[in-house]
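Peer 1: Pasting my_file_3.txt below, which is compact mmCIF, C-alpha atoms.
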# COMPACT_ATOMS: atom_id res chain seq x y z
CA MET W 177 -59.08 -13.18 -28.94
CA LYS W 178 -56.64 -14.66 -26.44
CA LYS W 179 -53.81 -14.09 -28.90
CA SER W 180 -54.80 -10.42 -29.29
CA ILE W 181 -54.86 -9.91 -25.53
CA PHE W 182 -51.43 -11.57 -25.24
CA VAL W 183 -50.00 -9.29 -27.93
CA LEU W 184 -51.52 -6.23 -26.24
CA VAL W 185 -50.13 -7.17 -22.81
CA THR W 186 -46.70 -7.87 -24.29
CA ALA W 187 -46.70 -4.51 -26.05
CA LEU W 188 -47.65 -2.73 -22.81
CA VAL W 189 -44.87 -4.51 -20.90
CA VAL W 190 -42.29 -3.49 -23.53
CA LEU W 191 -43.59 0.10 -23.52
CA PHE W 192 -43.53 0.32 -19.73
CA SER W 193 -40.01 -1.13 -19.65
CA SER W 194 -38.79 1.35 -22.26
CA CYS W 195 -40.32 4.30 -20.44
CA SER W 196 -38.86 3.12 -17.16
CA LYS W 197 -35.39 2.78 -18.67
CA ALA W 198 -35.65 6.19 -20.30
CA LYS W 199 -36.72 7.72 -16.99
CA ASN W 200 -33.76 6.16 -15.15
CA THR W 201 -31.16 6.99 -17.79
CA VAL W 202 -28.48 9.28 -16.44
CA VAL W 203 -27.13 11.68 -19.06
CA ILE W 204 -23.95 13.49 -18.04
CA ASN W 205 -22.26 15.71 -20.61
CA SER W 206 -20.68 18.34 -18.37
CA ILE W 207 -19.96 19.43 -14.80
CA ALA W 208 -23.44 20.94 -14.59
CA ASP W 209 -25.01 17.51 -15.09
CA LEU W 210 -23.34 16.22 -11.91
CA GLN W 211 -25.68 18.27 -9.74
CA GLY W 212 -27.92 15.97 -7.72
CA ARG W 213 -26.04 12.85 -8.86
CA LYS W 214 -24.04 10.21 -7.02
CA ILE W 215 -20.33 10.78 -7.64
CA GLY W 216 -17.38 8.50 -6.98
CA VAL W 217 -13.85 9.82 -6.26
CA GLN W 218 -10.51 8.53 -5.03
CA ALA W 219 -10.36 9.60 -1.39
CA GLY W 220 -8.05 12.49 -0.62
CA THR W 221 -7.44 13.53 -4.24
CA THR W 222 -8.15 16.90 -5.81
CA GLY W 223 -11.10 15.26 -7.55
CA ASP W 224 -12.46 14.48 -4.09
CA LEU W 225 -11.87 18.07 -2.91
CA TRP W 226 -13.53 19.51 -6.02
CA ALA W 227 -16.54 17.21 -5.66
CA GLN W 228 -16.98 18.13 -1.99
CA GLU W 229 -16.74 21.88 -2.60
CA GLU W 230 -18.08 22.51 -6.10
CA SER W 231 -20.10 19.67 -7.61
CA LYS W 232 -23.45 20.05 -5.78
CA ALA W 233 -23.73 16.27 -5.94
CA ALA W 234 -26.43 14.43 -4.03
CA SER W 235 -23.76 12.15 -2.52
CA ILE W 236 -20.03 11.58 -2.86
CA ALA W 237 -18.47 8.15 -2.34
CA GLY W 238 -14.75 7.89 -1.58
CA PHE W 239 -12.76 4.91 -2.87
CA LYS W 240 -9.21 3.67 -2.35
CA SER W 241 -8.61 3.76 -6.10
CA GLY W 242 -10.18 5.01 -9.31
CA ILE W 243 -10.57 1.41 -10.45
CA ASP W 244 -12.72 0.62 -7.39
CA ALA W 245 -14.88 3.65 -8.18
CA ALA W 246 -15.22 2.52 -11.80
CA LEU W 247 -16.52 -0.88 -10.67
CA ASP W 248 -19.31 0.78 -8.67
CA LEU W 249 -20.05 2.95 -11.70
CA LYS W 250 -20.38 -0.13 -13.90
CA ASN W 251 -22.70 -1.71 -11.32
CA GLY W 252 -24.93 1.37 -11.22
CA ALA W 253 -24.18 2.25 -7.59
CA ILE W 254 -22.92 5.70 -8.64
CA ASP W 255 -23.57 7.90 -11.66
CA ALA W 256 -20.06 9.20 -12.45
CA VAL W 257 -16.43 9.22 -11.37
CA VAL W 258 -14.30 12.39 -11.19
CA ILE W 259 -10.61 11.59 -11.61
CA ASP W 260 -7.37 12.72 -13.26
CA GLU W 261 -7.14 12.37 -17.04
CA LEU W 262 -4.43 9.72 -17.55
CA PRO W 263 -5.73 7.19 -14.99
CA ALA W 264 -9.19 7.75 -16.51
CA LEU W 265 -7.87 6.88 -19.97
CA GLU W 266 -6.42 3.65 -18.60
CA ILE W 267 -9.68 2.75 -16.83
CA VAL W 268 -11.75 3.33 -19.98
CA LYS W 269 -9.23 1.38 -22.04
CA ARG W 270 -9.85 -1.63 -19.79
CA ASN W 271 -13.62 -1.05 -19.60
CA PRO W 272 -15.13 -0.29 -23.04
CA ASP W 273 -18.60 0.10 -21.49
CA LEU W 274 -17.34 3.34 -19.88
CA LYS W 275 -16.41 6.65 -21.51
CA ILE W 276 -14.79 9.98 -20.66
CA VAL W 277 -16.60 13.31 -20.55
CA ARG W 278 -14.51 16.49 -20.58
CA ASP W 279 -15.50 19.93 -19.39
CA PRO W 280 -13.91 23.27 -20.40
CA TYR W 281 -13.64 24.28 -16.75
CA PHE W 282 -11.30 21.37 -15.99
CA ALA W 283 -9.30 21.99 -19.17
CA GLU W 284 -8.80 25.65 -18.23
CA ASN W 285 -7.83 24.81 -14.63
CA LYS W 286 -5.15 22.18 -15.00
CA GLU W 287 -3.33 20.91 -11.92
CA GLU W 288 0.41 20.62 -11.47
CA TYR W 289 1.92 17.46 -10.02
CA ALA W 290 4.92 17.83 -7.72
CA ILE W 291 6.91 15.73 -5.26
CA ALA W 292 6.30 16.35 -1.56
CA VAL W 293 8.76 16.29 1.32
CA LYS W 294 8.40 16.97 5.03
CA LYS W 295 8.28 20.68 5.80
CA GLY W 296 11.73 22.11 6.23
CA ASN W 297 13.59 19.25 4.49
CA THR W 298 15.41 21.64 2.14
CA GLU W 299 18.38 19.34 1.55
CA LEU W 300 16.25 16.58 0.01
CA LEU W 301 14.07 19.12 -1.81
CA GLU W 302 17.12 20.62 -3.52
CA LYS W 303 18.22 17.18 -4.72
CA ILE W 304 14.74 16.42 -6.03
CA ASN W 305 14.62 19.72 -7.93
CA LEU W 306 18.11 19.08 -9.30
CA THR W 307 16.98 15.67 -10.58
CA ILE W 308 13.83 17.04 -12.23
CA ASN W 309 15.75 19.87 -13.92
CA THR W 310 18.50 17.52 -15.08
CA LEU W 311 15.99 15.08 -16.58
CA LYS W 312 14.30 17.91 -18.45
CA SER W 313 17.53 19.43 -19.74
CA ASN W 314 19.22 16.21 -20.91
CA GLY W 315 16.18 14.80 -22.73
CA GLU W 316 15.47 11.92 -20.33
CA TYR W 317 12.20 13.49 -19.22
CA ASP W 318 10.82 13.37 -22.76
CA GLU W 319 12.02 9.78 -23.08
CA LEU W 320 10.07 8.87 -19.95
CA LEU W 321 6.94 10.59 -21.29
CA ASN W 322 7.22 8.56 -24.49
CA ALA W 323 7.81 5.36 -22.51
CA PHE W 324 4.88 5.70 -20.09
CA MET W 325 2.48 7.81 -22.18
CA PRO W 326 3.09 6.57 -25.75
CA ALA W 327 0.80 7.52 -28.62
CA ASP W 328 0.11 3.83 -29.36
CA GLY W 329 -0.74 3.09 -25.71
CA ASN W 330 1.96 0.40 -25.36
CA ILE W 331 3.94 1.31 -22.24
CA LYS W 332 7.61 0.33 -22.21
CA ILE W 333 9.04 0.35 -18.70
CA PRO W 334 12.68 1.51 -18.75
CA ALA W 335 15.21 -0.88 -17.26
CA PHE W 336 16.88 0.34 -14.08
CA LYS W 337 19.31 -1.56 -11.86
CA ALA W 338 19.62 -0.15 -8.36
CA ASP W 339 22.67 -0.59 -6.16
CA LYS W 340 21.23 -2.40 -3.13
CA SER W 341 24.43 -1.91 -1.15
CA LYS W 342 23.67 1.79 -0.72
CA SER W 343 21.58 3.46 1.96
CA VAL W 344 17.82 3.41 1.39
CA ILE W 345 15.52 6.31 0.60
CA LYS W 346 11.78 5.67 0.90
CA MET W 347 9.22 6.91 -1.61
CA GLY W 348 5.58 6.93 -0.51
CA THR W 349 2.94 6.37 -3.17
CA ASN W 350 -0.44 4.86 -3.95
CA ALA W 351 0.08 2.22 -6.64
CA SER W 352 -3.33 2.47 -8.29
CA PHE W 353 -2.74 5.48 -10.51
CA PRO W 354 -1.45 4.32 -13.91
CA PRO W 355 0.72 5.28 -15.69
CA PHE W 356 2.28 7.16 -12.76
CA GLU W 357 2.31 4.28 -10.27
CA TYR W 358 0.77 0.84 -10.59
CA VAL W 359 1.53 -2.82 -9.94
CA GLU W 360 3.09 -4.90 -12.70
CA GLY W 361 3.50 -8.50 -11.55
CA THR W 362 4.89 -8.09 -8.03
CA GLU W 363 6.59 -4.73 -8.59
CA VAL W 364 5.33 -1.17 -8.28
CA VAL W 365 6.28 0.62 -11.50
CA GLY W 366 5.36 3.81 -13.32
CA PHE W 367 6.44 7.27 -14.39
CA ASP W 368 6.77 8.52 -10.80
CA VAL W 369 8.67 5.40 -9.75
CA THR W 370 11.27 5.84 -12.48
CA ILE W 371 11.74 9.52 -11.61
CA SER W 372 12.08 8.47 -7.95
CA GLU W 373 14.79 5.99 -8.92
CA LYS W 374 16.66 8.91 -10.51
CA ILE W 375 16.18 10.94 -7.31
CA ALA W 376 17.60 8.07 -5.25
CA GLN W 377 20.56 7.98 -7.61
CA THR W 378 21.15 11.71 -7.07
CA CYS W 379 21.02 11.12 -3.31
CA GLY W 380 23.50 8.23 -3.53
CA SER W 381 20.83 5.83 -2.25
CA SER W 382 18.71 2.94 -3.46
CA LEU W 383 14.94 3.34 -3.68
CA THR W 384 12.33 1.55 -1.58
CA VAL W 385 8.69 2.04 -2.64
CA VAL W 386 6.12 2.18 0.17
CA ASP W 387 2.58 1.64 -1.14
CA MET W 388 -0.32 2.97 0.94
CA ALA W 389 -3.71 4.71 0.69
CA PHE W 390 -3.47 8.10 -1.02
CA ASP W 391 -5.04 9.95 1.89
CA SER W 392 -2.37 8.52 4.26
CA LEU W 393 0.64 9.84 2.33
CA ILE W 394 1.00 13.29 3.87
CA ALA W 395 0.63 11.87 7.38
CA ALA W 396 3.34 9.31 6.54
CA LEU W 397 5.69 12.17 5.63
CA GLY W 398 5.03 13.87 8.96
CA ALA W 399 5.69 10.63 10.80
CA GLU W 400 8.86 10.08 8.73
CA THR W 401 7.59 6.69 7.57
CA VAL W 402 8.63 7.82 4.09
CA ASP W 403 11.19 10.39 2.91
CA PHE W 404 9.20 11.85 0.02
CA VAL W 405 5.91 11.34 -1.78
CA ALA W 406 5.57 10.89 -5.54
CA ALA W 407 2.00 9.95 -6.34
CA GLY W 408 0.59 12.20 -9.03
CA MET W 409 -0.03 14.63 -6.19
CA SER W 410 -1.35 18.05 -7.18
CA VAL W 411 -0.05 21.18 -5.51
CA THR W 412 -2.79 22.84 -3.45
CA GLU W 413 -2.72 25.61 -0.87
CA GLU W 414 -4.16 23.23 1.72
CA ARG W 415 -1.41 20.66 1.18
CA LYS W 416 1.29 23.34 1.24
CA LYS W 417 0.40 23.96 4.88
CA ASN W 418 1.71 20.48 5.74
CA VAL W 419 4.43 19.69 3.17
CA ASP W 420 6.97 21.38 0.91
CA PHE W 421 6.64 20.73 -2.81
CA SER W 422 9.25 20.37 -5.50
CA GLU W 423 9.08 22.15 -8.81
CA PRO W 424 6.11 20.83 -10.85
CA TYR W 425 6.91 17.98 -13.22
CA PHE W 426 3.55 17.36 -14.93
CA ALA W 427 0.24 19.14 -15.64
CA SER W 428 -3.08 17.28 -15.70
CA GLU W 429 -6.81 17.95 -15.69
CA GLN W 430 -9.81 16.30 -14.10
CA VAL W 431 -12.30 14.40 -16.28
CA ILE W 432 -15.58 12.61 -15.69
CA ILE W 433 -16.09 8.89 -16.32
CA VAL W 434 -19.64 7.75 -17.11
CA ARG W 435 -21.33 4.67 -18.52
CA GLN W 436 -21.64 4.47 -22.30
When written as structure tokens, how does the structure in this file appear?

Peer 2:
Amino acid sequence: MKKSIFVLVTALVVLFSSCSKAKNTVVINSIADLQGRKIGVQAGTTGDLWAQEESKAASIAGFKSGIDAALDLKNGAIDAVVIDELPALEIVKRNPDLKIVRDPYFAENKEEYAIAVKKGNTELLEKINLTINTLKSNGEYDELLNAFMPADGNIKIPAFKADKSKSVIKMGTNASFPPFEYVEGTEVVGFDVTISEKIAQTCGSSLTVVDMAFDSLIAALGAETVDFVAAGMSVTEERKKNVDFSEPYFASEQVIIVRQ
């Protein structure tokens, strides 16, 4: 009799636990499923702006980096992360308990990355545009894509030796956005960094990378703390009020990261 009661109680505990887990399971397969959920974003990014204006989320948490947001997602503090595609792929690669959800809306509304300068700095802007166009016309741009976004996932950072005797030009970035900018050992490297080295070369200068929070970059341009910003920054009408943008050099889309 005691054994039967024990078996019955155990069965009820397992059933209650299963029902409780099922009730608390968050299923997100599209943008629509974000309504009423807790969303994580990198502060100041277009993912942040979209979440604030369009997502109808119950709450939106801003983080310094997508990786920080992913950690809170893994811990269950938030239900999803909205972020650019390539950094999302890198986050999921490092965290197999996470996965990417895509939505047709994001795919149909891709964003263009461009390099920002202080309003009115046409001289530098012309040199940046010249560099981008030259890289695209001579094949170096495709080489950089293959180096930092290879099909096999094995990034090969191109060697570049700067002339430190030259004047310095400062690039502002947020080094938590692989493969565009990230820390490797003690150095900030990435697709944007290599393009910025080419820009410095065009300007007859050597490059200094200034790493800071993403939402501080435009203010740093205004204060002339940096000369230009290359940080996987999307061109938006709001940002164009405060900075001038180069020609676009990459197109990306937002995706959603969720737990497996």

Peer 1: I'd like the neighbourhood of range 302-306 of chain W as a ChimeraX atom specification, where a residue qualifies if any of its atoms comes within 7 Å (using only C-alpha atoms), though same-chain residues fewer than 5 positions away should be ignored.

Peer 2: /W:375,378-379,422-423

Peer 1: Please produce a file of those selected residues containing C-alpha atoms, as an mmCIF file, in the frame of the given file.

Peer 2:
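Output file again23.cif is given in full below:
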data_model
loop_
_atom_site.group_PDB
_atom_site.id
_atom_site.type_symbol
_atom_site.label_atom_id
_atom_site.label_comp_id
_atom_site.auth_asym_id
_atom_site.auth_seq_id
_atom_site.Cartn_x
_atom_site.Cartn_y
_atom_site.Cartn_z
ATOM 1 C CA ILE W 375 16.180 10.940 -7.310
ATOM 2 C CA THR W 378 21.150 11.710 -7.070
ATOM 3 C CA CYS W 379 21.020 11.120 -3.310
ATOM 4 C CA SER W 422 9.250 20.370 -5.500
ATOM 5 C CA GLU W 423 9.080 22.150 -8.810
#

Peer 1: Can you tell me, as number ranges by chain, what residues are no more than 9 Å from range 225-228 of chain W when counting only C-alpha atoms, ignoring any on the same chain fewer than 5 positions away?

Peer 2: W: 215-217, 219-220, 233, 236, 258

Peer 1: Please identify all polymer residues within 12 Å of Tyr358 in chain W, counting only C-alpha atoms, omitting same-chain residues fewer than 2 positions from it, and present them as a PyMOL selection string.

Peer 2: chain W and resi 241-243+263+266+324+333+349-356+360-370+385+387-388+407-408

Peer 1: Next, dump the selected residues to file, keeping only C-alpha atoms, as a CSV table (one decimal), in the frame of the given file.

Peer 2:
chain,number,residue,atom,x,y,z
W,241,SER,CA,-8.6,3.8,-6.1
W,242,GLY,CA,-10.2,5.0,-9.3
W,243,ILE,CA,-10.6,1.4,-10.4
W,263,PRO,CA,-5.7,7.2,-15.0
W,266,GLU,CA,-6.4,3.6,-18.6
W,324,PHE,CA,4.9,5.7,-20.1
W,333,ILE,CA,9.0,0.4,-18.7
W,349,THR,CA,2.9,6.4,-3.2
W,350,ASN,CA,-0.4,4.9,-4.0
W,351,ALA,CA,0.1,2.2,-6.6
W,352,SER,CA,-3.3,2.5,-8.3
W,353,PHE,CA,-2.7,5.5,-10.5
W,354,PRO,CA,-1.4,4.3,-13.9
W,355,PRO,CA,0.7,5.3,-15.7
W,356,PHE,CA,2.3,7.2,-12.8
W,360,GLU,CA,3.1,-4.9,-12.7
W,361,GLY,CA,3.5,-8.5,-11.6
W,362,THR,CA,4.9,-8.1,-8.0
W,363,GLU,CA,6.6,-4.7,-8.6
W,364,VAL,CA,5.3,-1.2,-8.3
W,365,VAL,CA,6.3,0.6,-11.5
W,366,GLY,CA,5.4,3.8,-13.3
W,367,PHE,CA,6.4,7.3,-14.4
W,368,ASP,CA,6.8,8.5,-10.8
W,369,VAL,CA,8.7,5.4,-9.8
W,370,THR,CA,11.3,5.8,-12.5
W,385,VAL,CA,8.7,2.0,-2.6
W,387,ASP,CA,2.6,1.6,-1.1
W,388,MET,CA,-0.3,3.0,0.9
W,407,ALA,CA,2.0,10.0,-6.3
W,408,GLY,CA,0.6,12.2,-9.0

Peer 1: Write out as a PyMOL selection string the residues lying within 7 Å of Lys295 in chain W, counting all atoms listed in the file and excluding same-chain residues fewer than 6 positions away.

Peer 2: chain W and resi 418-420

Peer 1: Using only C-alpha atoms, which residues sit within 8 Å of range 394-402 of chain W once same-chain residues fewer than 6 positions away are excluded, as a tab-separated table (two decimals) with C-alpha atoms, in the coordinates of the input?

Peer 2:
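New file around.tsv:
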chain	number	residue	atom	x	y	z
W	293	VAL	CA	8.76	16.29	1.32
W	294	LYS	CA	8.40	16.97	5.03
W	345	ILE	CA	15.52	6.31	0.60
W	346	LYS	CA	11.78	5.67	0.90
W	347	MET	CA	9.22	6.91	-1.61
W	348	GLY	CA	5.58	6.93	-0.51
W	386	VAL	CA	6.12	2.18	0.17
W	418	ASN	CA	1.71	20.48	5.74
W	419	VAL	CA	4.43	19.69	3.17

Peer 1: Can you work out the spacing between CA of Ser410 in chain W and CA of Ser343 in chain W in Å, to one decimal?

Peer 2: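 We find that CA of Ser410 in chain W and CA of Ser343 in chain W lie 28.7 Å from each other.
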
Peer 1: Identify which of the residues W:Asp224, W:Asp328, W:Asp209, W:Glu261 lies closest to Asp391 in chain W, counting only C-alpha atoms when measuring atom-to-atom distances.

Peer 2: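 Among W:Asp224, W:Asp328, W:Asp209, W:Glu261, it is W:Asp224 that comes nearest to Asp391 in chain W.
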
Peer 1: Point out the residue among W:Ala253, W:Ala283, W:Ile204, W:Met325 with the least atom-to-atom distance to Leu265 in chain W, counting only C-alpha atoms.

Peer 2: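 When distances to Leu265 in chain W are compared using only C-alpha atoms, the smallest one comes from W:Met325.
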
Peer 1: Identify which of the residues W:Leu301, W:Ala389, W:Ala290, W:Leu383 lies closest to Pro424 in chain W, counting only C-alpha atoms when measuring atom-to-atom distances.

Peer 2: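 Smallest separation from Pro424 in chain W among the options: W:Ala290.
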
Peer 1: Have a look at CA of Lys374 in chain W and CA of Tyr317 in chain W and let me know their distance in Å, one decimal.

Peer 2: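 CA of Tyr317 in chain W lies 10.8 Å from CA of Lys374 in chain W.
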
Peer 1: Would you mind telling me which residue in W:Ser382, W:Gln436, W:Ser428, W:Asn330 lies nearest to Asp273 in chain W when using all atoms listed in the file?

Peer 2: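 For Asp273 in chain W, the nearest of the given residues is W:Gln436.
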
Peer 1: Give me, please, the distance in Å between CA of Lys214 in chain W and CA of Leu393 in chain W, quoted to one decimal.

Peer 2: 26.4 Å

Peer 1: From the set W:Ile331, W:Ile308, W:Val359, W:Leu274, which residue has the shortest atom-to-atom contact distance to Asp255 in chain W, counting all atoms listed in the file?

Peer 2: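 Comparing W:Ile331, W:Ile308, W:Val359, W:Leu274 against Asp255 in chain W, the winner is W:Leu274.
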
Peer 1: Restricting the calculation to all atoms listed in the file, which member of W:Ser313, W:Glu284, W:Gly252, W:Tyr289 is positioned closest to Phe426 in chain W?

Peer 2: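 When distances to Phe426 in chain W are compared using all atoms listed in the file, the smallest one comes from W:Tyr289.
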